$ cat start.txt   # compact mmCIF, C-alpha atoms
# COMPACT_ATOMS: atom_id res chain seq x y z
CA MET A 24 0.00 0.00 0.00
CA ASN A 25 1.39 3.39 -1.01
CA PHE A 26 1.69 5.92 1.78
CA LYS A 27 -0.42 9.03 1.25
CA ALA A 28 0.55 12.28 2.95
CA SER A 29 -2.16 13.77 5.16
CA ILE A 30 -3.37 17.27 4.25
CA LEU A 31 -5.75 19.45 6.24
CA ILE A 32 -7.70 22.11 4.30
CA VAL A 33 -9.19 24.99 6.24
CA ASP A 34 -11.70 27.29 4.52
CA GLY A 35 -14.93 29.02 5.52
CA VAL A 36 -16.74 28.33 2.23
CA SER A 37 -17.93 24.81 1.45
CA ASP A 38 -17.49 25.23 -2.33
CA ASN A 39 -13.84 26.16 -1.82
CA LEU A 40 -13.30 23.11 0.39
CA VAL A 41 -14.90 20.86 -2.23
CA GLN A 42 -12.79 22.41 -5.03
CA ILE A 43 -9.47 22.02 -3.19
CA GLU A 44 -10.41 18.55 -1.97
CA GLY A 45 -11.13 17.53 -5.56
CA LEU A 46 -7.68 18.70 -6.63
CA LEU A 47 -5.81 16.85 -3.88
CA GLN A 48 -7.76 13.77 -2.83
CA GLU A 49 -6.44 11.46 -5.56
CA ARG A 50 -2.86 11.90 -4.38
CA TYR A 51 -3.29 12.66 -0.68
CA HIS A 52 -5.35 11.82 2.37
CA VAL A 53 -7.49 14.96 2.74
CA ARG A 54 -9.44 16.25 5.72
CA LEU A 55 -11.56 19.40 5.87
CA ALA A 56 -12.20 22.11 8.45
CA ARG A 57 -14.50 25.17 8.13
CA ASN A 58 -13.00 27.27 10.93
CA GLY A 59 -10.15 27.53 13.38
CA GLU A 60 -11.83 25.51 16.10
CA ASP A 61 -12.44 22.58 13.75
CA ALA A 62 -8.90 22.88 12.41
CA LEU A 63 -7.37 22.63 15.90
CA ARG A 64 -9.52 19.62 16.75
CA ILE A 65 -8.84 17.72 13.54
CA ALA A 66 -5.12 18.56 13.53
CA GLN A 67 -4.73 16.81 16.87
CA GLN A 68 -6.24 13.58 15.57
CA ALA A 69 -4.21 10.79 13.98
CA PRO A 70 -2.82 10.94 11.45
CA ARG A 71 -1.40 14.38 12.19
CA PRO A 72 -1.34 16.58 9.07
CA ASP A 73 1.82 16.60 7.00
CA LEU A 74 0.73 19.89 5.44
CA ILE A 75 -2.05 22.46 5.94
CA VAL A 76 -3.73 24.56 3.26
CA LEU A 77 -5.21 27.65 4.89
CA GLY A 78 -7.93 28.88 2.59
CA GLY A 79 -8.70 32.38 1.47
CA ALA A 80 -12.37 32.55 2.52
CA LEU A 81 -11.50 33.38 6.11
CA ALA A 82 -11.32 36.99 7.23
CA ASP A 83 -7.79 38.40 7.26
CA ALA A 84 -7.54 38.36 11.04
CA ASP A 85 -9.02 34.87 11.16
CA SER A 86 -6.46 33.46 8.72
CA LEU A 87 -3.52 34.55 10.81
CA ARG A 88 -5.28 33.70 14.07
CA VAL A 89 -5.92 30.16 12.86
CA PHE A 90 -2.35 29.91 11.67
CA HIS A 91 -0.94 31.03 15.01
CA GLY A 92 -3.31 28.78 16.92
CA LEU A 93 -2.19 25.76 14.93
CA LYS A 94 1.44 26.76 15.20
CA CYS A 95 1.36 27.22 18.97
CA GLN A 96 -0.85 24.32 19.95
CA VAL A 97 -0.57 21.56 17.38
CA LEU A 98 2.03 21.83 14.64
CA SER A 99 5.62 20.81 14.81
CA SER A 100 8.17 23.20 13.39
CA GLU A 101 8.50 20.90 10.36
CA THR A 102 4.79 21.06 9.32
CA PRO A 103 4.41 23.45 6.37
CA VAL A 104 1.41 25.76 6.00
CA ILE A 105 0.36 27.11 2.57
CA MET A 106 -1.85 30.18 2.79
CA LEU A 107 -4.22 31.17 -0.02
CA ILE A 108 -4.33 34.99 -0.32
CA ALA A 109 -6.32 37.19 -2.68
CA GLU A 110 -4.34 38.84 -5.44
CA GLY A 111 -3.34 42.35 -4.41
CA ASP A 112 -3.61 41.83 -0.65
CA ALA A 113 0.03 42.76 -0.12
CA GLN A 114 -0.39 43.59 3.55
CA LEU A 115 -1.73 40.16 4.49
CA GLU A 116 0.87 38.44 2.34
CA GLU A 117 3.70 40.37 4.01
CA ARG A 118 2.38 39.48 7.46
CA ALA A 119 2.00 35.84 6.45
CA TRP A 120 5.61 35.59 5.27
CA ARG A 121 6.83 37.40 8.35
CA ASP A 122 4.89 35.10 10.67
CA GLY A 123 6.36 31.98 9.13
CA VAL A 124 4.04 30.40 6.54
CA ALA A 125 5.90 28.02 4.23
CA ASP A 126 4.35 29.32 1.01
CA VAL A 127 1.67 31.60 -0.43
CA VAL A 128 -0.65 30.84 -3.36
CA ARG A 129 -2.59 33.76 -4.79
CA LEU A 130 -6.31 33.76 -5.55
CA PRO A 131 -8.13 33.27 -7.83
CA LEU A 132 -6.73 29.79 -7.58
CA LEU A 133 -4.74 28.15 -10.37
CA PRO A 134 -5.08 24.38 -9.73
CA ALA A 135 -1.66 23.59 -11.22
CA ALA A 136 -0.02 26.18 -8.97
CA LEU A 137 -1.55 24.69 -5.83
CA LEU A 138 -0.65 21.12 -6.84
CA ALA A 139 2.94 22.16 -7.57
CA ARG A 140 3.33 24.08 -4.28
CA VAL A 141 1.85 21.22 -2.25
CA ALA A 142 4.15 18.66 -3.90
CA THR A 143 7.18 20.89 -3.40
CA GLN A 144 6.49 21.47 0.30
CA LEU A 145 5.91 17.77 0.96
CA HIS A 146 9.12 16.84 -0.88
CA MET A 147 11.03 19.41 1.16
CA ARG A 148 9.49 18.08 4.37
CA ALA A 149 10.47 14.52 3.47
CA ALA A 150 14.00 15.62 2.56
CA ASP A 151 14.34 17.48 5.87
CA ALA A 152 13.15 14.41 7.76
CA MET A 153 15.67 12.24 5.94
CA LEU A 154 18.48 14.68 6.74
CA ARG A 155 17.48 14.75 10.40
CA ASP A 156 17.47 10.95 10.50
CA GLN A 157 20.88 10.83 8.85
CA HIS A 158 22.19 13.46 11.27
CA ARG A 159 20.91 11.47 14.27
CA HIS A 160 22.44 8.31 12.82
CA PHE A 161 25.73 10.10 12.26
CA GLU A 162 25.70 11.48 15.81
CA HIS A 163 25.03 7.97 17.10
CA LEU A 164 27.95 6.56 15.10
CA VAL A 165 30.26 9.35 16.28
CA ALA A 166 29.22 8.77 19.89
CA GLU A 167 29.89 5.04 19.53
CA ARG A 168 33.28 5.64 17.93
CA MET A 169 34.21 8.16 20.64
CA ARG A 170 33.10 5.71 23.31
CA ASP A 171 35.19 2.96 21.72
CA ALA A 172 38.16 5.31 21.36
CA GLY A 173 37.78 6.38 24.99
CA LEU A 174 37.77 2.76 26.16
CA MET A 175 40.83 2.03 24.03
CA GLN A 176 42.62 5.07 25.45
CA ASP A 177 41.75 4.06 29.01
CA ALA A 178 42.99 0.53 28.42
CA THR A 179 46.21 1.78 26.82
CA VAL A 180 46.92 4.23 29.62
CA LEU A 181 46.29 1.60 32.29
CA ALA A 182 48.47 -0.93 30.44
CA MET A 183 51.34 1.56 30.20
CA ALA A 184 51.05 2.49 33.86
CA VAL A 185 50.85 -1.12 35.05
CA LEU A 186 53.83 -2.02 32.88
CA ALA A 187 55.87 0.75 34.47
CA GLU A 188 54.82 -0.30 37.98
CA SER A 189 55.16 -4.05 37.35
CA ARG A 190 58.88 -3.93 38.14
CA ASP A 191 57.95 -3.21 41.75
CA PRO A 192 55.78 -6.15 42.89
CA GLY A 193 54.91 -4.41 46.15
CA VAL A 194 52.95 -1.60 44.54
CA GLY A 195 49.69 -3.57 44.66
CA GLN A 196 46.73 -1.43 43.71
CA HIS A 197 48.54 1.86 44.27
CA LEU A 198 47.58 3.10 40.80
CA LEU A 199 43.85 2.59 41.29
CA ARG A 200 43.89 4.08 44.76
CA THR A 201 45.81 7.23 43.87
CA GLN A 202 43.70 7.70 40.75
CA ARG A 203 40.56 7.72 42.87
CA PHE A 204 42.11 9.91 45.56
CA VAL A 205 42.97 12.55 42.96
CA THR A 206 39.47 12.42 41.48
CA ALA A 207 37.83 12.72 44.89
CA LEU A 208 40.05 15.69 45.79
CA ALA A 209 39.28 17.45 42.51
CA ARG A 210 35.55 16.96 42.93
CA GLU A 211 35.68 18.47 46.40
CA LEU A 212 38.01 21.33 45.48
CA ARG A 213 35.81 22.47 42.59
CA PHE A 214 33.39 23.93 45.13
CA VAL A 215 36.08 26.46 46.11
CA ALA A 216 35.51 29.52 43.91
CA ALA A 217 39.15 29.85 42.90
CA TYR A 218 39.09 26.39 41.27
CA THR A 219 35.57 26.14 39.86
CA ALA A 220 36.51 27.35 36.38
CA GLU A 221 39.43 24.94 36.03
CA LEU A 222 37.94 21.85 37.64
CA THR A 223 35.12 21.23 35.19
CA ASN A 224 33.64 17.76 34.77
CA GLU A 225 35.71 17.32 31.62
CA ALA A 226 38.91 18.39 33.38
CA ILE A 227 38.27 16.02 36.28
CA ALA A 228 37.69 13.14 33.84
CA LEU A 229 41.06 13.90 32.21
CA LEU A 230 42.77 14.13 35.61
CA HIS A 231 41.29 10.74 36.46
CA LYS A 232 43.00 9.20 33.43
CA ALA A 233 46.24 11.15 33.70
CA ALA A 234 46.78 10.22 37.36
CA LEU A 235 47.59 6.67 36.32
CA LEU A 236 50.80 7.88 34.66
CA HIS A 237 52.28 9.74 37.62
CA ASP A 238 55.14 7.24 38.03
CA ILE A 239 55.55 6.23 34.38
CA GLY A 240 59.15 7.49 34.55
CA LYS A 241 60.13 4.65 36.89
CA VAL A 242 60.82 2.55 33.81
CA GLY A 243 64.11 4.47 33.61
CA VAL A 244 65.21 3.85 37.21
CA PRO A 245 67.72 1.00 37.71
CA ASP A 246 66.35 -2.12 39.41
CA ALA A 247 68.98 -1.90 42.14
CA VAL A 248 67.49 1.42 43.18
CA LEU A 249 63.83 0.85 42.44
CA LEU A 250 63.67 -2.56 44.12
CA LYS A 251 65.97 -1.87 47.07
CA PRO A 252 64.18 -3.18 50.18
CA GLY A 253 65.49 -0.53 52.57
CA LYS A 254 65.91 3.23 52.55
CA LEU A 255 67.92 4.73 49.73
CA SER A 256 71.34 6.34 50.10
CA ASP A 257 71.71 9.96 49.02
CA SER A 258 73.15 8.97 45.64
CA GLU A 259 70.45 6.36 45.12
CA PHE A 260 67.79 8.89 46.02
CA GLU A 261 69.18 11.26 43.36
CA LEU A 262 68.72 8.48 40.81
CA MET A 263 65.20 7.80 42.06
CA LYS A 264 64.26 11.47 41.75
CA LEU A 265 65.00 11.28 38.03
CA HIS A 266 61.81 9.28 37.50
CA THR A 267 59.99 12.62 37.38
CA VAL A 268 62.20 13.81 34.52
CA TYR A 269 61.92 10.49 32.67
CA GLY A 270 58.13 10.64 32.95
CA ARG A 271 57.96 14.21 31.70
CA ASP A 272 60.29 13.43 28.78
CA ALA A 273 58.28 10.36 27.76
CA ILE A 274 55.01 12.28 27.64
CA ALA A 275 56.62 15.30 26.00
CA GLY A 276 57.92 12.92 23.33
CA VAL A 277 54.35 11.78 22.63
CA GLU A 278 53.29 15.42 22.30
CA ARG A 279 56.08 16.09 19.81
CA THR A 280 55.16 13.01 17.79
CA LEU A 281 51.53 14.13 17.65
CA GLY A 282 52.52 17.67 16.75
CA GLY A 283 50.70 19.13 19.73
CA SER A 284 49.19 18.45 23.13
CA ASN A 285 45.75 18.09 24.68
CA GLY A 286 44.29 18.26 28.16
CA PHE A 287 45.04 14.63 28.97
CA LEU A 288 48.70 14.79 27.91
CA ARG A 289 49.22 18.15 29.64
CA TYR A 290 47.87 16.83 32.93
CA ALA A 291 49.89 13.62 32.57
CA ARG A 292 53.09 15.58 31.94
CA GLU A 293 52.45 17.97 34.84
CA ILE A 294 51.68 15.15 37.27
CA ALA A 295 54.62 12.97 36.23
CA TYR A 296 57.09 15.86 36.47
CA SER A 297 55.87 17.80 39.51
CA HIS A 298 54.04 15.52 41.94
CA HIS A 299 57.08 15.56 44.27
CA GLU A 300 57.26 19.34 44.39
CA LYS A 301 56.37 20.91 47.75
CA TRP A 302 54.33 23.99 48.54
CA ASP A 303 57.27 25.63 50.34
CA GLY A 304 59.69 25.03 47.46
CA SER A 305 61.69 22.23 49.08
CA GLY A 306 60.57 19.49 46.71
CA TYR A 307 61.98 18.14 43.44
CA PRO A 308 62.92 18.18 40.58
CA GLN A 309 62.63 21.97 40.13
CA GLY A 310 62.06 23.28 43.63
CA LEU A 311 58.86 25.02 42.61
CA ALA A 312 56.75 26.69 45.28
CA GLY A 313 53.09 27.60 45.77
CA GLU A 314 50.92 28.08 42.72
CA ALA A 315 53.95 27.75 40.45
CA ILE A 316 53.28 24.02 40.92
CA ALA A 317 50.55 22.83 38.58
CA LEU A 318 47.24 22.15 40.32
CA SER A 319 47.19 18.62 38.90
CA ALA A 320 50.53 17.90 40.61
CA ARG A 321 49.39 19.47 43.89
CA LEU A 322 46.42 17.12 43.91
CA MET A 323 48.61 14.13 43.18
CA ALA A 324 51.08 15.11 45.93
CA VAL A 325 48.45 14.65 48.63
CA ALA A 326 47.05 11.50 47.05
CA ASP A 327 50.50 9.91 46.61
CA VAL A 328 51.74 10.69 50.12
CA TYR A 329 48.54 9.49 51.77
CA ASP A 330 48.85 6.23 49.87
CA ALA A 331 52.54 5.87 50.73
CA LEU A 332 51.84 6.47 54.42
CA THR A 333 49.01 3.93 54.60
CA THR A 334 50.93 1.24 52.70
CA ALA A 335 53.46 -0.99 54.49
CA ARG A 336 57.11 -0.87 53.48
CA ALA A 337 59.88 -3.39 54.09
CA TYR A 338 61.40 -0.96 56.59
CA ARG A 339 58.16 0.11 58.37
CA PRO A 340 54.54 -0.92 58.88
CA ALA A 341 51.65 1.01 57.37
CA PHE A 342 50.39 4.03 59.27
CA THR A 343 46.74 4.12 60.22
CA HIS A 344 44.35 6.32 58.31
CA GLU A 345 44.12 8.69 61.25
CA THR A 346 47.88 9.04 61.55
CA ALA A 347 48.29 9.60 57.81
CA VAL A 348 45.63 12.29 57.84
CA GLU A 349 47.25 14.02 60.80
CA LEU A 350 50.70 13.96 59.16
CA ILE A 351 49.27 15.50 56.00
CA ARG A 352 47.43 18.10 58.08
CA GLN A 353 50.74 18.98 59.73
CA GLY A 354 52.27 19.43 56.28
CA ARG A 355 49.60 21.95 55.26
CA GLY A 356 51.28 25.04 53.86
CA GLU A 357 54.72 23.40 53.87
CA HIS A 358 54.65 20.16 51.91
CA PHE A 359 51.11 20.54 50.61
CA ASP A 360 48.79 23.13 49.09
CA PRO A 361 46.56 24.27 52.00
CA ASP A 362 43.43 24.19 49.84
CA VAL A 363 44.08 20.61 48.74
CA VAL A 364 44.69 19.54 52.34
CA ASP A 365 41.42 21.19 53.38
CA ALA A 366 39.64 19.29 50.61
CA MET A 367 41.15 16.02 51.87
CA LEU A 368 40.12 16.76 55.45
CA ALA A 369 36.56 17.38 54.25
CA ILE A 370 36.40 13.97 52.55
CA GLU A 371 38.78 11.89 54.67
CA GLU A 372 36.14 9.19 55.11
CA ARG A 373 36.02 8.88 51.32
CA PHE A 374 39.81 8.34 51.33
CA LYS A 375 39.42 5.67 53.97
CA ALA A 376 36.74 3.91 51.90
CA ILE A 377 38.87 3.99 48.72
CA ALA A 378 41.82 2.49 50.59
CA ALA A 379 39.55 -0.29 51.86
CA ASP A 380 38.19 -0.97 48.37
CA PHE A 381 41.68 -1.43 46.90
CA PRO A 382 43.84 -2.95 49.65
CA PRO A 383 47.60 -3.42 49.08
CA HIS A 384 48.80 -6.94 48.48
CA GLN A 385 52.15 -6.84 50.24
CA PRO A 386 54.90 -4.46 51.34
CA GLY A 387 56.94 -2.73 48.66
CA SER A 388 59.62 -0.14 48.17
CA GLU A 389 57.80 2.60 46.31
CA LEU A 390 58.52 6.26 47.12

$ encode --input "start.txt" --output "structure tokens"
Amino acid sequence: MNFKASILIVDGVSDNLVQIEGLLQERYHVRLARNGEDALRIAQQAPRPDLIVLGGALADADSLRVFHGLKCQVLSSETPVIMLIAEGDAQLEERAWRDGVADVVRLPLLPAALLARVATQLHMRAADAMLRDQHRHFEHLVAERMRDAGLMQDATVLAMAVLAESRDPGVGQHLLRTQRFVTALARELRFVAAYTAELTNEAIALLHKAALLHDIGKVGVPDAVLLKPGKLSDSEFELMKLHTVYGRDAIAGVERTLGGSNGFLRYAREIAYSHHEKWDGSGYPQGLAGEAIALSARLMAVADVYDALTTARAYRPAFTHETAVELIRQGRGEHFDPDVVDAMLAIEERFKAIAADFPPHQPGSEL
């Protein structure tokens, strides 16, 4: 069965309705209305009209009133309205165009003109619908591809980070814990006015991914240093500190290869290079102080130290959550950004829950 478009004809004179119906009924499903009230009622019944012909035997004010009533209460923005207007009524025609009718056919009526205008408007409506469907399909495909690409990126980042950490079997779930600590800190800190603009949902999602790479530079540290069970000598510690430089250089190399950076790579580079900097300038590798340290690295500093304190080492047992929190509080304004410490204190129970969700497997030697 061939689909017939539905057309509603509105006209105050029965002869006009019969004439227009006779022109259109062979090709279309036609319904008739003699006034605005009937038009509104019929237009709300199934099937909804694909096009409306607003006849010329309504008073000027009535024509536009009916049009606006249909437009406001019934019609979608894609439903065209053709208005029949007496030849020479320039004022009504101007108002009709201005108010948004799809087309105007002048009276006295030329049947071929009406048939052509109706066919054109319905073809345009069908073409618009097809384009909208294609656009929605395209958006769906793009969303799927982006989702797939995001999953691939996440898997790749995690694989790289785990590979770097795999040389130290005592790390356990350090990566997953610190990643979640950083995210929790960022979500809390965004309520502080000074950080709201930077810590958007998108930025926090990128920080969540980038945090996994904070110790990627450890791939360059000799095993004798990285895996030493006890405390490091001064010379060994100098070698260990180079993991920040190795991490920065590795990520900067990716940026050069790609010919540019993005938010994820920038955060990853900042975190890898500067998460051992201290608020008072006594950290490494650059000795940066205060807000000269990237916010991403200041977040990671608190997350990394909390995790180190609550994880057992070969040379000491793990500190309790309460002790770790107190030590970080004591480092507020010296080792750590005061605002980040305040954020941690506000959500310390969340830190405790994350640590419980991803318990360490065994003691290790990570700094």

$ closest_residue --input "start.txt" --among "A:Ala109, A:Ala119, A:Ile30, A:Ala142" --to "Val76 in chain A" --atoms "only C-alpha atoms"
A:Ile30

$ atom_distance --input "start.txt" --atom1 "CA of Ser256 in chain A" --atom2 "CA of Gln202 in chain A"
29.2 Å

$ closest_residue --input "start.txt" --among "A:Ser37, A:Ala226, A:Glu371, A:Val328" --to "Glu345 in chain A" --atoms "all atoms listed in the file"
A:Glu371

$ residues_around --input "start.txt" --residues "Met367 in chain A" --least-positions-apart "5" --cutoff "9 Å" --atoms "all atoms listed in the file" --output "list in words"
Phe204, Ala207, Leu208, Glu211, Leu212, Val325, Ala326, Val348, Asp362, Arg373 and Phe374 of chain A

$ write_last_selection --input "start.txt" --atoms "C-alpha atoms" --output "compact mmCIF listing (two decimals), in the coordinates of the input"
# COMPACT_ATOMS: atom_id res chain seq x y z
CA PHE A 204 42.11 9.91 45.56
CA ALA A 207 37.83 12.72 44.89
CA LEU A 208 40.05 15.69 45.79
CA GLU A 211 35.68 18.47 46.40
CA LEU A 212 38.01 21.33 45.48
CA VAL A 325 48.45 14.65 48.63
CA ALA A 326 47.05 11.50 47.05
CA VAL A 348 45.63 12.29 57.84
CA ASP A 362 43.43 24.19 49.84
CA ARG A 373 36.02 8.88 51.32
CA PHE A 374 39.81 8.34 51.33

$ closest_residue --input "start.txt" --among "A:Ala209, A:Leu222, A:Ile108, A:Ala378" --to "Met323 in chain A" --atoms "all atoms listed in the file"
A:Ala209

$ residues_around --input "start.txt" --residues "Gln67 in chain A" --least-positions-apart "4" --cutoff "12 Å" --atoms "only C-alpha atoms" --output "PyMOL selection string"
chain A and resi 31+60-63+71-73+93-94+96-99

$ closest_residue --input "start.txt" --among "A:Ala317, A:Ala331, A:Leu87, A:Leu145" --to "Thr343 in chain A" --atoms "all atoms listed in the file"
A:Ala331

$ build_atoms --input "start.txt" --residues "range 238-248 of chain A" --atoms "all heavy atoms" --output "PDB file, in the frame of the given file"
ATOM      1  N   ASP A 238      53.816   7.844  37.824  1.00  0.00           N
ATOM      2  CA  ASP A 238      55.140   7.240  38.030  1.00  0.00           C
ATOM      3  C   ASP A 238      55.625   6.498  36.785  1.00  0.00           C
ATOM      4  O   ASP A 238      56.447   5.580  36.891  1.00  0.00           O
ATOM      5  CB  ASP A 238      55.108   6.288  39.221  1.00  0.00           C
ATOM      6  CG  ASP A 238      55.309   7.011  40.547  1.00  0.00           C
ATOM      7  OD1 ASP A 238      55.856   8.131  40.534  1.00  0.00           O
ATOM      8  OD2 ASP A 238      54.920   6.454  41.590  1.00  0.00           O
ATOM      9  N   ILE A 239      55.140   6.918  35.605  1.00  0.00           N
ATOM     10  CA  ILE A 239      55.550   6.230  34.380  1.00  0.00           C
ATOM     11  C   ILE A 239      57.061   6.292  34.175  1.00  0.00           C
ATOM     12  O   ILE A 239      57.664   5.410  33.576  1.00  0.00           O
ATOM     13  CB  ILE A 239      54.814   6.857  33.152  1.00  0.00           C
ATOM     14  CG1 ILE A 239      55.027   6.024  31.892  1.00  0.00           C
ATOM     15  CG2 ILE A 239      55.230   8.292  32.929  1.00  0.00           C
ATOM     16  CD1 ILE A 239      54.274   4.736  31.886  1.00  0.00           C
ATOM     17  N   GLY A 240      57.701   7.338  34.719  1.00  0.00           N
ATOM     18  CA  GLY A 240      59.150   7.490  34.550  1.00  0.00           C
ATOM     19  C   GLY A 240      59.973   6.471  35.294  1.00  0.00           C
ATOM     20  O   GLY A 240      61.194   6.382  35.083  1.00  0.00           O
ATOM     21  N   LYS A 241      59.359   5.670  36.161  1.00  0.00           N
ATOM     22  CA  LYS A 241      60.130   4.650  36.890  1.00  0.00           C
ATOM     23  C   LYS A 241      60.710   3.567  35.984  1.00  0.00           C
ATOM     24  O   LYS A 241      61.589   2.817  36.410  1.00  0.00           O
ATOM     25  CB  LYS A 241      59.260   4.017  37.973  1.00  0.00           C
ATOM     26  CG  LYS A 241      59.066   4.922  39.180  1.00  0.00           C
ATOM     27  CD  LYS A 241      58.323   4.199  40.290  1.00  0.00           C
ATOM     28  CE  LYS A 241      58.236   5.071  41.532  1.00  0.00           C
ATOM     29  NZ  LYS A 241      57.501   4.397  42.620  1.00  0.00           N
ATOM     30  N   VAL A 242      60.226   3.519  34.746  1.00  0.00           N
ATOM     31  CA  VAL A 242      60.820   2.550  33.810  1.00  0.00           C
ATOM     32  C   VAL A 242      62.291   2.853  33.578  1.00  0.00           C
ATOM     33  O   VAL A 242      63.056   1.971  33.172  1.00  0.00           O
ATOM     34  CB  VAL A 242      60.062   2.548  32.465  1.00  0.00           C
ATOM     35  CG1 VAL A 242      58.652   2.052  32.639  1.00  0.00           C
ATOM     36  CG2 VAL A 242      60.078   3.925  31.820  1.00  0.00           C
ATOM     37  N   GLY A 243      62.716   4.098  33.836  1.00  0.00           N
ATOM     38  CA  GLY A 243      64.110   4.470  33.610  1.00  0.00           C
ATOM     39  C   GLY A 243      64.996   4.336  34.824  1.00  0.00           C
ATOM     40  O   GLY A 243      66.212   4.578  34.741  1.00  0.00           O
ATOM     41  N   VAL A 244      64.418   3.956  35.976  1.00  0.00           N
ATOM     42  CA  VAL A 244      65.210   3.850  37.210  1.00  0.00           C
ATOM     43  C   VAL A 244      65.801   2.441  37.306  1.00  0.00           C
ATOM     44  O   VAL A 244      65.090   1.445  37.130  1.00  0.00           O
ATOM     45  CB  VAL A 244      64.317   4.130  38.438  1.00  0.00           C
ATOM     46  CG1 VAL A 244      65.107   3.969  39.731  1.00  0.00           C
ATOM     47  CG2 VAL A 244      63.732   5.538  38.346  1.00  0.00           C
ATOM     48  N   PRO A 245      67.093   2.329  37.603  1.00  0.00           N
ATOM     49  CA  PRO A 245      67.720   1.000  37.710  1.00  0.00           C
ATOM     50  C   PRO A 245      67.049   0.125  38.754  1.00  0.00           C
ATOM     51  O   PRO A 245      66.582   0.617  39.801  1.00  0.00           O
ATOM     52  CB  PRO A 245      69.167   1.325  38.130  1.00  0.00           C
ATOM     53  CG  PRO A 245      69.382   2.740  37.697  1.00  0.00           C
ATOM     54  CD  PRO A 245      68.061   3.416  37.818  1.00  0.00           C
ATOM     55  N   ASP A 246      66.988  -1.187  38.482  1.00  0.00           N
ATOM     56  CA  ASP A 246      66.350  -2.120  39.410  1.00  0.00           C
ATOM     57  C   ASP A 246      66.982  -2.070  40.796  1.00  0.00           C
ATOM     58  O   ASP A 246      66.299  -2.198  41.813  1.00  0.00           O
ATOM     59  CB  ASP A 246      66.452  -3.547  38.874  1.00  0.00           C
ATOM     60  CG  ASP A 246      65.478  -3.810  37.732  1.00  0.00           C
ATOM     61  OD1 ASP A 246      64.612  -2.945  37.485  1.00  0.00           O
ATOM     62  OD2 ASP A 246      65.590  -4.860  37.084  1.00  0.00           O
ATOM     63  N   ALA A 247      68.296  -1.908  40.854  1.00  0.00           N
ATOM     64  CA  ALA A 247      68.980  -1.900  42.140  1.00  0.00           C
ATOM     65  C   ALA A 247      68.485  -0.781  43.034  1.00  0.00           C
ATOM     66  O   ALA A 247      68.497  -0.899  44.271  1.00  0.00           O
ATOM     67  CB  ALA A 247      70.487  -1.767  41.927  1.00  0.00           C
ATOM     68  N   VAL A 248      68.034   0.296  42.423  1.00  0.00           N
ATOM     69  CA  VAL A 248      67.490   1.420  43.180  1.00  0.00           C
ATOM     70  C   VAL A 248      65.997   1.238  43.414  1.00  0.00           C
ATOM     71  O   VAL A 248      65.493   1.339  44.538  1.00  0.00           O
ATOM     72  CB  VAL A 248      67.763   2.751  42.457  1.00  0.00           C
ATOM     73  CG1 VAL A 248      67.078   3.908  43.185  1.00  0.00           C
ATOM     74  CG2 VAL A 248      69.260   2.994  42.343  1.00  0.00           C
TER      75      VAL A 248
END
